[in-house]
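Undergrad: The file below is entry21.tsv, TSV, C-alpha atoms:
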chain	number	residue	atom	x	y	z
E	154	MET	CA	89.03	54.17	-49.78
E	155	ARG	CA	88.99	56.50	-46.75
E	156	LYS	CA	92.15	57.81	-45.18
E	157	PHE	CA	92.63	57.17	-41.50
E	158	CYS	CA	93.41	60.19	-39.33
E	159	TYR	CA	96.08	59.44	-36.73
E	160	THR	CA	95.79	62.84	-35.05
E	161	ALA	CA	92.40	61.87	-33.67
E	162	ILE	CA	93.97	58.88	-31.93
E	163	MET	CA	96.90	60.84	-30.56
E	164	ARG	CA	94.86	63.56	-28.87
E	165	LEU	CA	95.03	63.61	-25.11
E	166	PRO	CA	91.73	63.42	-23.28
E	167	GLN	CA	90.52	66.71	-21.84
E	168	ARG	CA	88.31	66.39	-18.84
E	169	LYS	CA	85.67	68.89	-17.89
E	170	PRO	CA	86.32	70.64	-14.61
E	171	GLY	CA	84.40	69.16	-11.70
E	172	LYS	CA	81.34	70.62	-10.05
E	173	TYR	CA	83.38	72.47	-7.41
E	174	ALA	CA	86.39	73.40	-9.57
E	175	GLY	CA	85.73	77.14	-9.47
E	176	GLU	CA	85.10	77.36	-5.73
E	177	LYS	CA	87.78	78.62	-3.41
E	178	PRO	CA	88.58	76.42	-0.43
E	179	ASP	CA	86.93	77.43	2.85
E	180	PRO	CA	89.68	78.92	5.07
E	181	HIS	CA	87.66	78.75	8.32
E	182	ILE	CA	89.14	76.17	10.72
E	183	THR	CA	89.31	75.70	14.47
E	184	ARG	CA	92.54	76.05	16.47
E	185	GLU	CA	92.56	72.24	16.92
E	186	LYS	CA	92.39	71.66	13.14
E	187	TYR	CA	95.15	74.25	12.62
E	188	ASN	CA	97.38	72.43	15.12
E	189	LYS	CA	96.65	69.07	13.46
E	190	LEU	CA	97.62	70.50	10.06
E	191	LYS	CA	100.88	71.86	11.53
E	192	ALA	CA	101.67	68.46	13.09
E	193	SER	CA	100.89	66.70	9.81
E	194	ARG	CA	103.16	69.07	7.88
E	195	ARG	CA	105.95	68.55	10.43
E	196	ARG	CA	105.61	64.73	10.14
E	197	LEU	CA	105.70	64.92	6.33
E	198	ILE	CA	108.81	67.13	6.37
E	199	ASP	CA	110.73	65.39	9.15
E	200	ILE	CA	109.83	61.73	8.60
E	201	ASP	CA	108.03	60.91	5.35
E	202	ARG	CA	109.98	63.08	2.90
E	203	PRO	CA	113.50	62.00	4.05
E	204	LEU	CA	112.44	58.35	3.76
E	205	ALA	CA	111.05	58.97	0.26
E	206	ILE	CA	114.23	60.81	-0.80
E	207	LYS	CA	116.33	57.89	0.46
E	208	ASP	CA	114.12	55.45	-1.46
E	209	VAL	CA	114.55	57.49	-4.68
E	210	LYS	CA	118.34	57.52	-4.21
E	211	ASP	CA	118.40	53.77	-3.55
E	212	GLN	CA	116.33	53.04	-6.66
E	213	ALA	CA	118.43	55.44	-8.78
E	214	ALA	CA	121.53	53.45	-7.84
E	215	PHE	CA	120.23	50.56	-9.95
E	216	GLY	CA	120.88	52.58	-13.12
E	217	ASP	CA	118.69	52.46	-16.22
E	218	PHE	CA	115.68	54.65	-15.39
E	219	SER	CA	113.63	53.59	-18.41
E	220	ASP	CA	113.14	50.03	-17.14
E	221	ASN	CA	113.19	50.83	-13.43
E	222	ALA	CA	109.55	50.76	-12.29
E	223	ALA	CA	110.53	50.96	-8.62
E	224	TYR	CA	112.34	54.25	-9.32
E	225	SER	CA	109.25	55.69	-11.02
E	226	ILE	CA	107.07	54.64	-8.10
E	227	ALA	CA	109.51	56.15	-5.57
E	228	LYS	CA	109.58	59.44	-7.53
E	229	GLY	CA	105.78	59.47	-7.64
E	230	LYS	CA	105.60	58.94	-3.87
E	231	LEU	CA	108.06	61.78	-3.26
E	232	ARG	CA	106.07	64.05	-5.60
E	233	SER	CA	102.88	63.18	-3.72
E	234	ILE	CA	104.46	64.02	-0.37
E	235	ASN	CA	105.74	67.35	-1.71
E	236	ASN	CA	102.28	68.19	-3.08
E	237	ARG	CA	100.66	67.39	0.28
E	238	ILE	CA	103.19	69.64	2.05
E	239	LEU	CA	102.43	72.50	-0.36
E	240	LYS	CA	98.67	72.03	0.08
E	241	ILE	CA	98.93	72.03	3.89
E	242	GLU	CA	101.20	75.10	3.86
E	243	SER	CA	98.65	76.91	1.70
E	244	GLN	CA	95.85	75.96	4.11
E	245	LEU	CA	97.89	77.20	7.08
E	246	ARG	CA	98.84	80.43	5.35
E	247	ASN	CA	95.22	81.23	4.43
E	248	ALA	CA	93.59	79.91	7.61
E	249	VAL	CA	90.99	81.95	9.43
E	250	ILE	CA	90.80	80.65	13.00
E	251	ILE	CA	87.25	80.22	14.29
E	252	LYS	CA	86.79	81.76	17.72
E	253	ASN	CA	84.28	80.25	20.10
E	254	ASN	CA	81.57	82.82	20.91
E	255	PRO	CA	79.76	81.36	23.94
E	256	LYS	CA	78.15	84.67	24.97
E	257	SER	CA	76.85	85.55	21.52
E	258	GLU	CA	73.13	86.28	21.11
E	259	THR	CA	73.24	85.74	17.35
E	260	VAL	CA	74.42	82.59	15.59
E	261	ARG	CA	78.00	82.86	14.33
E	262	ILE	CA	80.63	80.46	13.04
E	263	GLY	CA	81.87	78.47	16.05
E	264	ASN	CA	78.53	78.46	17.90
E	265	THR	CA	76.56	75.41	18.95
E	266	VAL	CA	72.89	75.83	18.03
E	267	THR	CA	69.95	73.82	19.31
E	268	VAL	CA	67.08	73.74	16.82
E	269	GLU	CA	63.64	72.16	16.80
E	270	SER	CA	62.05	70.85	13.63
E	271	TRP	CA	59.15	68.44	13.06
E	272	GLY	CA	58.89	67.90	16.83
E	273	LYS	CA	62.54	66.81	17.15
E	274	THR	CA	65.36	68.71	18.79
E	275	LYS	CA	68.84	68.60	17.26
E	276	ILE	CA	72.13	70.22	18.20
E	277	TYR	CA	74.50	71.51	15.51
E	278	LYS	CA	77.93	73.07	15.75
E	279	ILE	CA	78.63	75.47	12.89
E	280	LEU	CA	82.22	75.32	11.61
E	281	GLY	CA	84.12	75.58	8.32
E	282	SER	CA	83.75	73.12	5.46
E	283	ALA	CA	87.01	71.33	6.32
E	284	GLU	CA	85.61	70.03	9.61
E	285	VAL	CA	82.12	68.87	8.65
E	286	ASP	CA	80.99	65.70	10.41
E	287	ILE	CA	77.25	65.24	10.07
E	288	SER	CA	77.18	62.15	12.32
E	289	SER	CA	78.48	64.21	15.28
E	290	GLY	CA	76.38	67.28	14.46
E	291	VAL	CA	79.06	69.47	12.89
E	292	ILE	CA	77.77	71.38	9.86
E	293	SER	CA	79.37	73.93	7.57
E	294	HIS	CA	78.50	77.61	7.62
E	295	ASN	CA	78.18	77.20	3.83
E	296	SER	CA	75.52	74.46	4.07
E	297	PRO	CA	71.89	75.43	3.48
E	298	LEU	CA	71.00	75.11	7.18
E	299	GLY	CA	74.27	76.62	8.44
E	300	SER	CA	74.03	79.69	6.20
E	301	ALA	CA	70.33	80.14	7.08
E	302	LEU	CA	71.11	80.07	10.82
E	303	LEU	CA	73.94	82.62	10.69
E	304	GLY	CA	72.93	85.98	12.14
E	305	LYS	CA	69.67	84.69	13.65
E	306	LYS	CA	68.70	84.85	17.35
E	307	LYS	CA	67.11	82.50	19.86
E	308	GLY	CA	63.39	82.03	19.14
E	309	GLU	CA	63.61	82.90	15.44
E	310	ILE	CA	62.29	80.51	12.80
E	311	VAL	CA	64.48	79.68	9.81
E	312	LYS	CA	63.11	78.20	6.58
E	313	VAL	CA	65.40	75.96	4.56
E	314	LYS	CA	64.59	74.35	1.23
E	315	ILE	CA	65.65	70.69	1.29
E	316	LYS	CA	65.16	69.00	-2.07
E	317	ASP	CA	61.50	69.68	-2.97
E	318	LYS	CA	60.34	70.49	0.57
E	319	GLU	CA	60.71	73.51	2.79
E	320	ALA	CA	61.65	72.77	6.39
E	321	GLU	CA	61.23	75.11	9.34
E	322	PHE	CA	63.75	75.20	12.16
E	323	ARG	CA	63.11	77.11	15.38
E	324	ILE	CA	66.24	78.20	17.21
E	325	VAL	CA	65.93	76.97	20.80
E	326	GLU	CA	69.37	77.93	22.11
E	327	VAL	CA	72.63	79.53	20.96
E	328	ASN	CA	75.87	78.60	22.76
Since I need it in another form, could you write the structure as structure tokens?
TA:
Amino acid sequence: MRKFCYTAIMRLPQRKPGKYAGEKPDPHITREKYNKLKASRRRLIDIDRPLAIKDVKDQAAFGDFSDNAAYSIAKGKLRSINNRILKIESQLRNAVIIKNNPKSETVRIGNTVTVESWGKTKIYKILGSAEVDISSGVISHNSPLGSALLGKKKGEIVKVKIKDKEAEFRIVEVN
């Protein structure tokens, strides 16, 4: 007869870190994004957190915490709000504001670049990773195309490997 090992059952699962776990967050943001983060932090501090604190106090008034699911939920909500505030404050503290360089001859973060590839012309704005919006033409300076364009001038051709193919982009204009 085999003995059953309870320690194997009691072990907590350990997850592998995700693909981007070791990467530092991209601090490059526009002035507009910085102001939105400040407004979001202010709303969390002035409105959301006081309401969550009041909810925790109200639920604590019912007594027995072990059977009080509403109290646990209220505490979790307050914890989540506090974590969001800390994350936003860290982003604000480490922010590098992107300056618009309209007179720049070379492509820099903050520029709008018109490129031509496969007979089609596309316009991309190069910003930080926090503001990427492919559908409106905003790409990250860390993306394959964004990083390839940085430092290049009007008329230059940039080669970017996309999956198994290599694409060529000719820089038509830098704004």
Undergrad: For Arg184 of chain E, which residue out of E:Lys252, E:Lys240, E:Lys210, E:Lys228 is the nearest one, using only C-alpha atoms?
TA: E:Lys252
Undergrad: Looking at all atoms listed in the file, which of E:Leu231, E:Val291, E:Leu190, E:Ile200 is the one that sits closest to Gln244 of chain E?
TA: E:Leu190
Undergrad: Between E:Ile198, E:Leu298, E:Val260, E:Ala213, which one has atoms that come closest to Val311 of chain E, using all atoms listed in the file?
TA: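 Result for the nearest residue to Val311 of chain E: E:Leu298.
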Undergrad: When you count only C-alpha atoms, which of these residues is closest to Lys305 of chain E: E:Glu319, E:Glu269, E:Glu258, E:Asp201?
TA: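 Checking each of E:Glu319, E:Glu269, E:Glu258, E:Asp201 against Lys305 of chain E, counting only C-alpha atoms, the winner is E:Glu258.
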Undergrad: For a quick check of your reading of the model, name the residues lying within 12 Å of the coordinate (83.9, 82.3, 18.9), counting only C-alpha atoms, and write them as a count of residues only.
TA: 26
Undergrad: With only C-alpha atoms as the basis for distance, which of E:Asn247, E:Val266, E:Arg232, E:Ser193 is at the shortest distance from Gly304 of chain E?
TA: E:Val266
Undergrad: Could you tell me which of E:Ala192, E:Val313, E:Ala320, E:Ala248 comes closest to Gly281 of chain E if we count only C-alpha atoms?
TA: E:Ala248
Undergrad: I want to know what sits within 10 Å of Ile287 of chain E, based on all atoms listed in the file, with residues of the same chain fewer than 5 positions away left out; could you give that as a short mmCIF file (atom, residue, chain, number, x, y, z; two decimals) with C-alpha atoms, in the frame of the given file?
TA:
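File written: part09.cif
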data_model
loop_
_atom_site.label_atom_id
_atom_site.label_comp_id
_atom_site.auth_asym_id
_atom_site.auth_seq_id
_atom_site.Cartn_x
_atom_site.Cartn_y
_atom_site.Cartn_z
CA TYR E 277 74.50 71.51 15.51
CA LYS E 278 77.93 73.07 15.75
CA ILE E 292 77.77 71.38 9.86
CA SER E 293 79.37 73.93 7.57
#
Undergrad: May I ask for the distance between atom CA of Leu303 of chain E and atom CA of Asp286 of chain E, given in Å to one decimal place?
TA: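 Going from atom CA of Leu303 of chain E over to atom CA of Asp286 of chain E, I get 18.3 Å.
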Undergrad: Quick one: pull the distance between atom CA of Arg323 of chain E and atom CA of Thr274 of chain E, Å, one decimal.
TA: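 Separating atom CA of Arg323 of chain E from atom CA of Thr274 of chain E is a distance of 9.3 Å.
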Undergrad: State, in Å with one decimal place, the distance from atom CA of Leu302 of chain E to atom CA of Thr267 of chain E.
TA: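 Atom-to-atom, atom CA of Leu302 of chain E to atom CA of Thr267 of chain E, that is 10.6 Å.
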Undergrad: Enclose the full set of atoms of segment 201-216 of chain E listed in the file within a box whose edges lie along x, y and z, apply 6 Å of padding to each of the six sides, and report centre and edge lengths in Å to one decimal as lines of an AutoDock Vina configuration file.
TA:
center_x = 114.8
center_y = 56.8
center_z = -3.9
size_x = 25.5
size_y = 24.5
size_z = 30.5
